[in-house]
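Colleague: The structure follows.
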Amino acid sequence: MGSVGTDPNTRNDHIPDRSSREWCEEALNRLNAGRPESALDAARRAADLDPTAEWAHRLISLAHERLGRDADAARPAERAVELARGSWAARLRLAAILRRLPGRWREAAAQAELAGKFAPEEADPQVMLGDLALSSGDHARAGQAYRAALAIDPGHPQAHVNLGLSLLHWDHPRPHHDPAWPVDPRETGRARRALEVWSRQVRLLVAVATVAVAVCALLFDWGAQARLGGFAVLVLLVPLTVRQARRVGVWPYVPAMLSRDPWLGAAVVSAALAVAAFAAWLLLSAVPAVPAAFDPVWAGLAGIVVLGWPALAAVRALAEAWRGRPLRALAETARAGPGSAERTARRNTGVTLWILLGRTWSVLVPLAGVALAVEPRAAVAAVAVPYPMLRGYLRARHRDRWLFTATCLVVLAAAACAAGGLLGSAWGWRIGLGALGAATVVFVACAARAWWRGAPGPWRSSLIMCDLPMGAAPSVAMTPEVRQAFSYARSVVLSYGGPLGPRVVGAAASVTSSGELRLIAGTEAWEAIEADPRVAVFAADPLQRRFWVEVRGIAQADSDILRVTPKELLVGEFPGRHQRR
């Protein structure tokens, strides 16, 4: 018995007679327990005992990834593929880490496609293809991949959560960056930050300068001095622009960044328009005698400078609220169920409900305004507006007092406005409009609280992908009896799918130390196997006359031989007198 207070996992590290596969099982248990550093040690022990154990190399890669060491995780994943070229799990592990490395997104997609080709009965390769499409902004393709995964495994939690994101038309946190670009995303991130800061500073300066010039000219009769101050602001914009331009180190990618991220492009364009409108406004005000017909132009230029920024923010808020299909997204996210994806699903559900609430509010406000201006009785339609929001809220059963309060206020606003319009009650209108204003206050308070705490807020950028570990599935163990059967078999049969149906040919086989089969087969099998690499290899043991073995796996051409990576192992006995009843 061990001493009191000793960690049982520490004692296990000193057991001398563990095999490589047992250390792999221990590493997987430690990964599932949330102990990646300890799992890395166990996986390395397995690789030291058997350098050809591809499962050990996959677990080393996964442990590095859990620790945030993406660069260190790539090499062991590549080594696993070298040892077992037909392993779908090794291909999937390599795809999972390559997608995190700059410029290797296309390689990741190719590896994920191979994993799907090698194991069409597995859901994880399709989920990986969906994740890759979602990270690149291809929501339609991502949705197709997730639905294909759910057709294989209807309970796959990651497929449900990320399908919800594709239905919401979710954007990756780096929407400006194409993962297929060979440039580091940190470089494009710095460029994006510089462009954002420049546009924000420019718009703020010219807006404040416009208001200051107008106040000085109209209230204090300091028109000439105010215009000089305005031109000084234009001169000040030059060093500010040069300073931010120096921080953009990837100018060849900037046009593509602006097209991939429309809001970034809109911010940059609106800043440039604000500067042009401010300069034109100053020049127009400097003309001694401006005809009265130019007054609307003068006022319009000032409006562009001062109101352009809040108008763009309002348009963006409305556009973000009306993107995607939040009700269907809620239904998919709810199907994820309890488990490893539950926390992500709960967070995305809350954000989706806030999106629905924003939609409802954006419909009620103009409806109430039109009813007050045109026909008050038309406000009765407000009763039906909150129905989709209530339906989603009740199905989601999300516990958030801020969201509950805002939902109640919006429902109250709809009912009060309808009553005010139908009954002609002024108090009904006051309560309805007051409830709409109070719902806005609740949203702002919730957003400010989240911002202050650094927590996820009620906005789209708080949506996150579900990213469960992939590529940790155990490899098939080749037992000594199976190795003996292939080593001493007088004949080995290779079965594969040809254009005319299943084909069977004779072959010579050997088993490597890593558990792969090496086959020499006729040339007629090579083209068919290239189209469909799934094969079955059958052998009988002449030393144990009734023992037979069948290996189902993936065949890959390597020089003049076929390398077969096992996926499934079947053993049995031929019928004989020992089975007589």
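Here, A, B, ... name the chains of the structure tokens in the order displayed, residue numbers run from 1 inside each chain, and ligands are numbered from 1 in the same displayed order.
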Between region 45-157 of chain A and region 18-27 of chain A, at 6 Å or less, what are the per-residue closest atom pairs and their distances in Å? Count only C-alpha atoms, order by chain and rising residue number, and return it as a Markdown table.

Modeller:
```
| residue | atom | partner | partner_atom | distance |
| --- | --- | --- | --- | --- |
| A:Ala46 | CA | A:Ser20 | CA | 4.2 |
| A:Leu49 | CA | A:Ser20 | CA | 5.6 |
| A:Ala56 | CA | A:Cys24 | CA | 5.8 |
```

Colleague: Can you check which residues of region 270-499 of chain A DSSP gives as strand (DSSP E) on the backbone and send them as a ChimeraX atom specification?

Modeller: /A:492-498

Colleague: Pick out the closest residue to Leu40 (chain A) from this set: A:Arg534, A:His177, A:Arg58, A:Arg449. Count only C-alpha atoms.

Modeller: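 Closest residue, counting only C-alpha atoms: A:Arg58.
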
Colleague: Neighbouring residues of region 84-100 of chain A were defined as those with any atom within 7 Å, considering only C-alpha atoms; residues of the same chain fewer than 5 positions away were excluded. Please report them as a short mmCIF file (atom, residue, chain, number, x, y, z; two decimals) with all heavy atoms, in the first residue's frame.

Modeller:
```cif
data_model
loop_
_atom_site.label_atom_id
_atom_site.label_comp_id
_atom_site.auth_asym_id
_atom_site.auth_seq_id
_atom_site.Cartn_x
_atom_site.Cartn_y
_atom_site.Cartn_z
N GLU A 54 2.62 5.53 -33.52
CA GLU A 54 2.09 6.80 -34.01
C GLU A 54 1.07 7.39 -33.05
O GLU A 54 0.91 8.62 -32.98
CB GLU A 54 1.48 6.62 -35.41
CG GLU A 54 0.32 5.65 -35.51
CD GLU A 54 -1.03 6.34 -35.31
OE1 GLU A 54 -1.08 7.58 -35.40
OE2 GLU A 54 -2.02 5.64 -35.05
N ARG A 58 0.76 11.35 -31.74
CA ARG A 58 -0.47 12.16 -31.80
C ARG A 58 -0.80 12.75 -30.43
O ARG A 58 -1.24 13.90 -30.32
CB ARG A 58 -1.64 11.30 -32.29
CG ARG A 58 -1.62 11.03 -33.78
CD ARG A 58 -2.92 10.46 -34.25
NE ARG A 58 -3.02 9.02 -34.05
CZ ARG A 58 -3.95 8.42 -33.32
NH1 ARG A 58 -4.85 9.15 -32.70
NH2 ARG A 58 -3.98 7.11 -33.21
N ASP A 70 1.48 25.70 -30.28
CA ASP A 70 1.08 25.22 -31.61
C ASP A 70 2.28 24.84 -32.47
O ASP A 70 2.25 23.84 -33.20
CB ASP A 70 0.23 26.27 -32.31
CG ASP A 70 -1.09 26.51 -31.60
OD1 ASP A 70 -1.51 25.62 -30.84
OD2 ASP A 70 -1.69 27.58 -31.80
N ALA A 73 3.54 21.53 -31.54
CA ALA A 73 2.60 20.43 -31.79
C ALA A 73 2.64 19.95 -33.23
O ALA A 73 2.15 18.85 -33.52
CB ALA A 73 1.18 20.88 -31.44
N ALA A 74 3.18 20.73 -34.15
CA ALA A 74 3.14 20.36 -35.56
C ALA A 74 4.05 19.18 -35.88
O ALA A 74 3.65 18.24 -36.59
CB ALA A 74 3.51 21.56 -36.42
N ALA A 77 2.78 15.69 -34.89
CA ALA A 77 1.64 15.33 -35.73
C ALA A 77 2.11 14.89 -37.11
O ALA A 77 1.59 13.93 -37.69
CB ALA A 77 0.68 16.51 -35.85
N GLU A 78 3.10 15.58 -37.66
CA GLU A 78 3.66 15.17 -38.96
C GLU A 78 4.36 13.81 -38.85
O GLU A 78 4.29 12.99 -39.77
CB GLU A 78 4.65 16.23 -39.44
CG GLU A 78 3.97 17.53 -39.83
CD GLU A 78 4.96 18.65 -40.08
OE1 GLU A 78 6.12 18.53 -39.61
OE2 GLU A 78 4.59 19.65 -40.73
N TRP A 105 -3.23 26.88 -43.89
CA TRP A 105 -4.65 26.54 -43.88
C TRP A 105 -4.99 25.57 -45.01
O TRP A 105 -5.79 24.64 -44.81
CB TRP A 105 -5.46 27.82 -44.01
CG TRP A 105 -6.94 27.64 -43.90
CD1 TRP A 105 -7.70 27.66 -42.78
CD2 TRP A 105 -7.86 27.40 -44.98
NE1 TRP A 105 -9.02 27.46 -43.07
CE2 TRP A 105 -9.14 27.29 -44.41
CE3 TRP A 105 -7.71 27.27 -46.36
CZ2 TRP A 105 -10.27 27.06 -45.20
CZ3 TRP A 105 -8.83 27.04 -47.13
CH2 TRP A 105 -10.09 26.94 -46.56
N GLU A 107 -3.09 23.34 -46.41
CA GLU A 107 -2.61 22.01 -46.03
C GLU A 107 -3.57 21.36 -45.03
O GLU A 107 -3.84 20.16 -45.11
CB GLU A 107 -1.22 22.11 -45.42
CG GLU A 107 -0.13 22.57 -46.37
CD GLU A 107 1.21 22.65 -45.66
OE1 GLU A 107 1.69 21.62 -45.15
OE2 GLU A 107 1.78 23.75 -45.60
N ALA A 108 -4.06 22.16 -44.10
CA ALA A 108 -5.00 21.63 -43.11
C ALA A 108 -6.26 21.12 -43.79
O ALA A 108 -6.78 20.04 -43.45
CB ALA A 108 -5.34 22.70 -42.08
N ALA A 109 -6.78 21.87 -44.76
CA ALA A 109 -7.97 21.44 -45.48
C ALA A 109 -7.71 20.14 -46.25
O ALA A 109 -8.56 19.24 -46.28
CB ALA A 109 -8.44 22.54 -46.43
N GLN A 111 -5.52 17.79 -45.49
CA GLN A 111 -5.43 16.69 -44.53
C GLN A 111 -6.81 16.30 -44.01
O GLN A 111 -7.10 15.11 -43.83
CB GLN A 111 -4.52 17.09 -43.36
CG GLN A 111 -3.07 17.33 -43.74
CD GLN A 111 -2.38 16.07 -44.24
OE1 GLN A 111 -2.75 14.95 -43.91
NE2 GLN A 111 -1.35 16.27 -45.07
N ALA A 112 -7.67 17.27 -43.77
CA ALA A 112 -9.03 16.96 -43.30
C ALA A 112 -9.82 16.21 -44.37
O ALA A 112 -10.60 15.30 -44.06
CB ALA A 112 -9.75 18.25 -42.90
N LEU A 114 -8.53 14.20 -46.63
CA LEU A 114 -8.00 12.83 -46.62
C LEU A 114 -8.57 12.04 -45.45
O LEU A 114 -8.92 10.86 -45.60
CB LEU A 114 -6.47 12.85 -46.54
CG LEU A 114 -5.72 13.13 -47.83
CD1 LEU A 114 -4.22 13.20 -47.58
CD2 LEU A 114 -6.03 12.05 -48.87
N ALA A 115 -8.68 12.68 -44.29
CA ALA A 115 -9.25 11.99 -43.13
C ALA A 115 -10.69 11.57 -43.42
O ALA A 115 -11.11 10.47 -43.07
CB ALA A 115 -9.19 12.89 -41.90
N PHE A 118 -10.58 8.61 -45.81
CA PHE A 118 -10.15 7.37 -45.16
C PHE A 118 -11.20 6.82 -44.21
O PHE A 118 -11.27 5.60 -44.00
CB PHE A 118 -8.86 7.60 -44.37
CG PHE A 118 -7.66 7.92 -45.23
CD1 PHE A 118 -6.49 8.38 -44.66
CD2 PHE A 118 -7.69 7.74 -46.61
CE1 PHE A 118 -5.38 8.69 -45.44
CE2 PHE A 118 -6.60 8.03 -47.39
CZ PHE A 118 -5.44 8.51 -46.81
N ALA A 119 -12.01 7.70 -43.61
CA ALA A 119 -13.01 7.26 -42.63
C ALA A 119 -14.33 7.96 -42.88
O ALA A 119 -14.73 8.84 -42.11
CB ALA A 119 -12.51 7.52 -41.21
N PRO A 125 -13.96 14.15 -39.10
CA PRO A 125 -13.39 14.82 -40.28
C PRO A 125 -14.35 15.83 -40.91
O PRO A 125 -13.91 16.91 -41.36
CB PRO A 125 -13.10 13.66 -41.24
CG PRO A 125 -12.88 12.48 -40.35
CD PRO A 125 -13.86 12.68 -39.23
N MET A 470 -9.29 16.83 -31.21
CA MET A 470 -9.51 15.82 -32.25
C MET A 470 -8.21 15.09 -32.54
O MET A 470 -7.13 15.65 -32.41
CB MET A 470 -10.03 16.46 -33.53
CG MET A 470 -11.45 16.99 -33.45
SD MET A 470 -12.07 17.48 -35.07
CE MET A 470 -13.73 17.98 -34.65
N GLY A 471 -8.36 13.85 -32.95
CA GLY A 471 -7.19 13.07 -33.34
C GLY A 471 -6.56 12.29 -32.22
O GLY A 471 -5.37 11.95 -32.30
N ALA A 472 -7.32 11.98 -31.17
CA ALA A 472 -6.77 11.23 -30.03
C ALA A 472 -7.23 9.78 -30.02
O ALA A 472 -6.93 9.05 -29.07
CB ALA A 472 -7.13 11.90 -28.72
N ALA A 473 -7.97 9.34 -31.04
CA ALA A 473 -8.51 7.98 -31.05
C ALA A 473 -7.38 6.95 -31.01
O ALA A 473 -6.36 7.12 -31.68
CB ALA A 473 -9.37 7.77 -32.30
N ILE A 554 -6.66 1.15 -44.55
CA ILE A 554 -6.45 2.10 -45.63
C ILE A 554 -5.11 1.80 -46.28
O ILE A 554 -4.07 1.73 -45.61
CB ILE A 554 -6.46 3.55 -45.12
CG1 ILE A 554 -7.79 3.85 -44.43
CG2 ILE A 554 -6.20 4.54 -46.24
CD1 ILE A 554 -9.00 3.76 -45.33
N ALA A 555 -5.12 1.62 -47.60
CA ALA A 555 -3.91 1.32 -48.36
C ALA A 555 -3.38 2.58 -49.02
O ALA A 555 -4.15 3.36 -49.62
CB ALA A 555 -4.18 0.25 -49.41
N GLN A 556 -2.08 2.80 -48.90
CA GLN A 556 -1.42 3.93 -49.53
C GLN A 556 -0.18 3.43 -50.28
O GLN A 556 0.58 2.59 -49.77
CB GLN A 556 -0.98 4.95 -48.48
CG GLN A 556 -2.14 5.67 -47.80
CD GLN A 556 -2.76 6.73 -48.70
OE1 GLN A 556 -2.22 7.80 -48.88
NE2 GLN A 556 -3.90 6.40 -49.28
N VAL A 564 -0.63 -0.59 -45.62
CA VAL A 564 -2.00 -0.68 -45.14
C VAL A 564 -2.01 -0.35 -43.64
O VAL A 564 -1.39 -1.06 -42.84
CB VAL A 564 -2.60 -2.08 -45.37
CG1 VAL A 564 -4.02 -2.15 -44.82
CG2 VAL A 564 -2.59 -2.42 -46.85
N THR A 565 -2.70 0.73 -43.29
CA THR A 565 -2.87 1.12 -41.89
C THR A 565 -4.17 0.52 -41.37
O THR A 565 -5.24 0.80 -41.91
CB THR A 565 -2.93 2.65 -41.75
OG1 THR A 565 -1.75 3.22 -42.31
CG2 THR A 565 -3.06 3.05 -40.30
#
```

Colleague: Name the residues in contact with Tyr496 (chain A) at a cut-off of 9 Å, using only C-alpha atoms, excluding same-chain residues fewer than 2 positions from it; report them as JSON, numbers by chain.

Modeller: {"A": [494, 498, 501, 502, 503, 504, 505, 525, 528, 529, 532, 533, 534, 535, 536, 537]}

Colleague: Just write the chosen residues, N, CA and C atoms, as a compact mmCIF listing (two decimals), in the first residue's frame.

Modeller:
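And here is the file that came out, result-v2.txt:
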```txt
# COMPACT_ATOMS: atom_id res chain seq x y z
N LEU A 494 -5.90 -9.97 -50.72
CA LEU A 494 -6.21 -8.55 -50.68
C LEU A 494 -7.55 -8.32 -51.36
N GLY A 498 -13.23 -2.34 -56.94
CA GLY A 498 -12.88 -1.96 -58.30
C GLY A 498 -14.04 -1.30 -59.01
N GLY A 501 -16.93 -3.65 -59.17
CA GLY A 501 -17.34 -4.27 -57.92
C GLY A 501 -16.14 -4.75 -57.14
N PRO A 502 -16.39 -5.47 -56.05
CA PRO A 502 -15.29 -5.96 -55.22
C PRO A 502 -14.38 -6.90 -55.99
N ARG A 503 -13.08 -6.79 -55.73
CA ARG A 503 -12.08 -7.64 -56.36
C ARG A 503 -11.22 -8.28 -55.28
N VAL A 504 -10.71 -9.47 -55.57
CA VAL A 504 -9.85 -10.21 -54.66
C VAL A 504 -8.62 -10.67 -55.42
N VAL A 505 -7.44 -10.39 -54.90
CA VAL A 505 -6.20 -10.82 -55.54
C VAL A 505 -5.27 -11.36 -54.47
N ALA A 525 -4.48 -3.65 -59.08
CA ALA A 525 -5.11 -3.16 -57.85
C ALA A 525 -4.75 -1.72 -57.54
N ALA A 528 -7.34 1.17 -58.67
CA ALA A 528 -8.58 1.08 -57.91
C ALA A 528 -8.38 1.55 -56.48
N ILE A 529 -7.24 1.20 -55.90
CA ILE A 529 -6.96 1.59 -54.52
C ILE A 529 -6.72 3.09 -54.43
N ASP A 532 -10.25 4.45 -54.24
CA ASP A 532 -10.88 4.10 -52.96
C ASP A 532 -9.87 3.29 -52.15
N PRO A 533 -9.20 3.94 -51.18
CA PRO A 533 -8.10 3.26 -50.48
C PRO A 533 -8.55 2.26 -49.43
N ARG A 534 -9.85 2.08 -49.23
CA ARG A 534 -10.31 1.14 -48.21
C ARG A 534 -10.18 -0.29 -48.71
N VAL A 535 -9.45 -1.11 -47.96
CA VAL A 535 -9.17 -2.49 -48.36
C VAL A 535 -9.37 -3.41 -47.16
N ALA A 536 -9.35 -4.70 -47.46
CA ALA A 536 -9.36 -5.74 -46.43
C ALA A 536 -8.29 -6.77 -46.80
N VAL A 537 -7.53 -7.21 -45.82
CA VAL A 537 -6.46 -8.19 -46.03
C VAL A 537 -6.75 -9.39 -45.15
```

Colleague: Write out as a list in words which residues come within 12 Å of Arg190 (chain A) when counting only C-alpha atoms, dropping same-chain ones fewer than 4 positions away.

Modeller: Arg174, His176, His177, Asp184, Pro185, Arg186, Ala194, Leu195, Glu196, Val197, Gln244, Ala245, Arg246, Arg247, Val248, Gly249, Val250, Trp251, Val254 and Met257 of chain A

Colleague: If you keep N, CA, C and O atoms, can you produce a file of those selected residues as a CSV table (one decimal), in the first residue's frame?

Modeller:
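To be explicit, this is the file written out as out.csv:
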```csv
chain,number,residue,atom,x,y,z
A,174,ARG,N,-11.0,37.3,-36.4
A,174,ARG,CA,-10.1,38.0,-37.3
A,174,ARG,C,-10.8,38.0,-38.7
A,174,ARG,O,-10.3,37.3,-39.6
A,176,HIS,N,-10.8,40.1,-41.0
A,176,HIS,CA,-10.0,40.7,-42.1
A,176,HIS,C,-9.0,39.8,-42.6
A,176,HIS,O,-8.4,40.1,-43.7
A,177,HIS,N,-8.7,38.7,-41.9
A,177,HIS,CA,-7.6,37.8,-42.3
A,177,HIS,C,-8.0,36.5,-43.0
A,177,HIS,O,-8.9,35.8,-42.5
A,184,ASP,N,1.6,36.1,-41.3
A,184,ASP,CA,1.2,35.8,-39.9
A,184,ASP,C,0.0,36.7,-39.5
A,184,ASP,O,0.0,37.9,-39.8
A,185,PRO,N,-1.1,36.1,-39.0
A,185,PRO,CA,-2.2,36.9,-38.6
A,185,PRO,C,-2.0,38.0,-37.6
A,185,PRO,O,-2.7,38.9,-37.6
A,186,ARG,N,-0.9,37.9,-36.9
A,186,ARG,CA,-0.5,39.0,-36.0
A,186,ARG,C,-0.1,40.2,-36.7
A,186,ARG,O,-0.3,41.3,-36.3
A,194,ALA,N,-4.1,49.5,-36.6
A,194,ALA,CA,-3.6,50.8,-37.0
A,194,ALA,C,-4.7,51.5,-37.9
A,194,ALA,O,-4.9,52.8,-37.7
A,195,LEU,N,-5.3,50.8,-38.8
A,195,LEU,CA,-6.4,51.4,-39.6
A,195,LEU,C,-7.6,51.8,-38.7
A,195,LEU,O,-8.1,52.9,-39.0
A,196,GLU,N,-7.9,51.0,-37.8
A,196,GLU,CA,-9.0,51.4,-36.9
A,196,GLU,C,-8.7,52.6,-36.1
A,196,GLU,O,-9.6,53.5,-35.9
A,197,VAL,N,-7.5,52.7,-35.5
A,197,VAL,CA,-7.1,53.8,-34.7
A,197,VAL,C,-7.1,55.1,-35.5
A,197,VAL,O,-7.6,56.1,-35.1
A,244,GLN,N,0.4,56.3,-38.2
A,244,GLN,CA,-0.4,55.0,-38.2
A,244,GLN,C,0.0,54.2,-39.5
A,244,GLN,O,0.0,53.0,-39.5
A,245,ALA,N,0.3,55.0,-40.6
A,245,ALA,CA,0.7,54.2,-41.8
A,245,ALA,C,2.0,53.4,-41.6
A,245,ALA,O,2.2,52.4,-42.2
A,246,ARG,N,2.9,53.9,-40.8
A,246,ARG,CA,4.1,53.2,-40.6
A,246,ARG,C,3.9,51.9,-39.8
A,246,ARG,O,4.7,51.0,-39.9
A,247,ARG,N,2.8,51.8,-39.1
A,247,ARG,CA,2.5,50.6,-38.4
A,247,ARG,C,1.8,49.5,-39.2
A,247,ARG,O,1.7,48.4,-38.8
A,248,VAL,N,1.5,49.9,-40.4
A,248,VAL,CA,0.9,48.9,-41.4
A,248,VAL,C,2.0,48.3,-42.2
A,248,VAL,O,2.5,48.9,-43.1
A,249,GLY,N,2.4,47.1,-41.8
A,249,GLY,CA,3.6,46.5,-42.5
A,249,GLY,C,3.2,45.6,-43.6
A,249,GLY,O,4.1,45.0,-44.2
A,250,VAL,N,1.9,45.5,-43.9
A,250,VAL,CA,1.5,44.5,-44.9
A,250,VAL,C,0.6,45.2,-45.9
A,250,VAL,O,-0.6,44.8,-46.1
A,251,TRP,N,1.0,46.3,-46.5
A,251,TRP,CA,0.2,47.1,-47.4
A,251,TRP,C,-0.3,46.3,-48.6
A,251,TRP,O,-1.5,46.6,-49.0
A,254,VAL,N,-3.7,45.0,-47.6
A,254,VAL,CA,-4.8,45.9,-47.1
A,254,VAL,C,-6.0,46.0,-48.0
A,254,VAL,O,-7.1,45.9,-47.4
A,257,MET,N,-7.9,43.0,-47.1
A,257,MET,CA,-8.4,43.0,-45.8
A,257,MET,C,-9.7,43.9,-45.7
A,257,MET,O,-10.7,43.5,-45.0
```

Colleague: Enumerate, in order of chain and increasing residue number, the residues of region 57-158 of chain A with an atom no farther than 12 Å from region 331-342 of chain A, each with its shortest atom pair and distance in Å to one decimal, counting only C-alpha atoms, as a tab-separated table.

Modeller:
```
residue	atom	partner	partner_atom	distance
A:Gly143	CA	A:Glu332	CA	11.4
A:Tyr146	CA	A:Glu332	CA	10.8
A:Arg147	CA	A:Glu332	CA	10.7
A:Leu150	CA	A:Glu332	CA	10.8
A:Asp153	CA	A:Ala336	CA	11.8
A:Pro154	CA	A:Arg335	CA	9.2
A:Gly155	CA	A:Ala336	CA	7.0
A:His156	CA	A:Ala336	CA	7.1
A:Pro157	CA	A:Ala336	CA	4.4
A:Gln158	CA	A:Ala341	CA	6.6
```

Colleague: Please, could you write that set of residues out with all heavy atoms as a compact mmCIF listing (two decimals), in the first residue's frame?

Modeller:
```
# COMPACT_ATOMS: atom_id res chain seq x y z
N GLY A 143 -22.04 24.92 -43.13
CA GLY A 143 -23.31 24.29 -42.78
C GLY A 143 -23.47 22.92 -43.42
O GLY A 143 -23.96 21.97 -42.78
N TYR A 146 -21.25 20.42 -41.45
CA TYR A 146 -21.81 20.08 -40.13
C TYR A 146 -23.02 19.18 -40.26
O TYR A 146 -23.21 18.24 -39.46
CB TYR A 146 -22.18 21.35 -39.36
CG TYR A 146 -20.99 22.19 -38.97
CD1 TYR A 146 -20.99 23.57 -39.16
CD2 TYR A 146 -19.85 21.61 -38.40
CE1 TYR A 146 -19.90 24.35 -38.79
CE2 TYR A 146 -18.76 22.39 -38.05
CZ TYR A 146 -18.79 23.75 -38.24
OH TYR A 146 -17.72 24.52 -37.88
N ARG A 147 -23.85 19.42 -41.26
CA ARG A 147 -25.01 18.54 -41.45
C ARG A 147 -24.57 17.14 -41.87
O ARG A 147 -25.20 16.15 -41.47
CB ARG A 147 -25.95 19.15 -42.50
CG ARG A 147 -26.66 20.42 -42.01
CD ARG A 147 -27.69 20.91 -43.01
NE ARG A 147 -28.32 22.14 -42.55
CZ ARG A 147 -27.92 23.36 -42.87
NH1 ARG A 147 -26.88 23.52 -43.68
NH2 ARG A 147 -28.54 24.42 -42.40
N LEU A 150 -23.58 15.46 -38.70
CA LEU A 150 -24.73 15.07 -37.89
C LEU A 150 -25.50 13.92 -38.50
O LEU A 150 -26.17 13.17 -37.78
CB LEU A 150 -25.65 16.28 -37.69
CG LEU A 150 -25.06 17.40 -36.83
CD1 LEU A 150 -25.95 18.63 -36.86
CD2 LEU A 150 -24.87 16.92 -35.39
N ASP A 153 -23.33 11.18 -36.97
CA ASP A 153 -23.45 11.15 -35.51
C ASP A 153 -24.42 12.25 -35.09
O ASP A 153 -24.03 13.40 -34.90
CB ASP A 153 -22.08 11.37 -34.87
CG ASP A 153 -22.14 11.33 -33.34
OD1 ASP A 153 -23.23 11.04 -32.80
OD2 ASP A 153 -21.10 11.59 -32.69
N PRO A 154 -25.71 11.93 -34.94
CA PRO A 154 -26.70 12.98 -34.63
C PRO A 154 -26.48 13.69 -33.31
O PRO A 154 -27.04 14.76 -33.10
CB PRO A 154 -28.03 12.19 -34.60
CG PRO A 154 -27.77 10.96 -35.40
CD PRO A 154 -26.33 10.62 -35.16
N GLY A 155 -25.67 13.14 -32.43
CA GLY A 155 -25.45 13.77 -31.14
C GLY A 155 -24.13 14.48 -31.00
O GLY A 155 -23.72 14.81 -29.88
N HIS A 156 -23.43 14.74 -32.11
CA HIS A 156 -22.11 15.36 -32.02
C HIS A 156 -22.25 16.79 -31.50
O HIS A 156 -22.80 17.66 -32.18
CB HIS A 156 -21.45 15.37 -33.40
CG HIS A 156 -19.96 15.52 -33.35
ND1 HIS A 156 -19.35 16.68 -32.94
CD2 HIS A 156 -18.95 14.66 -33.65
CE1 HIS A 156 -18.04 16.54 -33.00
NE2 HIS A 156 -17.77 15.32 -33.42
N PRO A 157 -21.73 17.10 -30.30
CA PRO A 157 -21.97 18.44 -29.71
C PRO A 157 -21.30 19.57 -30.48
O PRO A 157 -21.88 20.65 -30.66
CB PRO A 157 -21.40 18.30 -28.30
CG PRO A 157 -20.41 17.18 -28.38
CD PRO A 157 -20.94 16.25 -29.41
N GLN A 158 -20.08 19.34 -30.96
CA GLN A 158 -19.37 20.41 -31.66
C GLN A 158 -20.06 20.74 -32.97
O GLN A 158 -20.15 21.92 -33.35
CB GLN A 158 -17.92 20.00 -31.92
CG GLN A 158 -17.08 21.07 -32.58
CD GLN A 158 -15.60 20.74 -32.57
OE1 GLN A 158 -15.14 20.00 -31.71
NE2 GLN A 158 -14.86 21.28 -33.52
```

Colleague: Here is a test: counting only C-alpha atoms, which residue of A:Pro51, A:Leu101, A:Trp222, A:Gly350 is nearest to Ala71 (chain A)?

Modeller: A:Leu101

Colleague: Have a look at A:Ala39, A:Arg203, A:Arg260, A:Ala319 and name the one nearest to Leu273 (chain A); count only C-alpha atoms.

Modeller: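 Selected residue with least distance to Leu273 (chain A): A:Arg203.
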
Colleague: Between CA of Cys466 (chain A) and CA of Arg346 (chain A), what is the distance in Å, rounded to a tenth?

Modeller: 11.2 Å

Colleague: Any idea what the distance is between CA of Arg75 (chain A) and CA of Thr52 (chain A)?

Modeller: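 We find that CA of Arg75 (chain A) and CA of Thr52 (chain A) lie 14.5 Å from each other.
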
Colleague: So which residues of region 86-143 of chain A fall under helix (DSSP H, G or I) by DSSP, listed as a count of residues only?

Modeller: 42

Colleague: Using only C-alpha atoms, which protein or nucleic acid residues come within 12 Å of Glu375 (chain A)? Drop anything in the same chain fewer than 4 positions from it, and give the result as a ChimeraX atom specification.

Modeller: /A:367-371,379-381,418,420-422,424

Colleague: Could you list, as a list of chain:residue names, every residue within 12 Å of Ile464 (chain A), counting only C-alpha atoms and ignoring same-chain residues fewer than 5 positions away?

Modeller: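 What passes the distance filter is A:Asp131, A:Leu134, A:Ser135, A:Gln158, A:Val161, A:Asn162, A:Leu163, A:Gly164, A:Leu165, A:Ser166, A:Leu168, A:Trp170, A:Asp171, A:His172, A:Pro173, A:Ala341, A:Arg343, A:Thr344, A:Ala345, A:Arg346, A:Arg347, A:Asn348, A:Thr349, A:Gly350, A:Val351, A:Thr352, A:Pro456, A:Trp459.
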
Colleague: Under the rule that only C-alpha atoms are counted, which of A:Ala302, A:Ala232, A:Val269, A:Leu330 is the nearest residue to Ala214 (chain A)?

Modeller: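 Distance minimum relative to Ala214 (chain A) lands on A:Ala302.
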
Colleague: Expressed in Å to a single decimal, how great is the separation between CA of Gly265 (chain A) and CA of Ser199 (chain A)?

Modeller: 10.0 Å
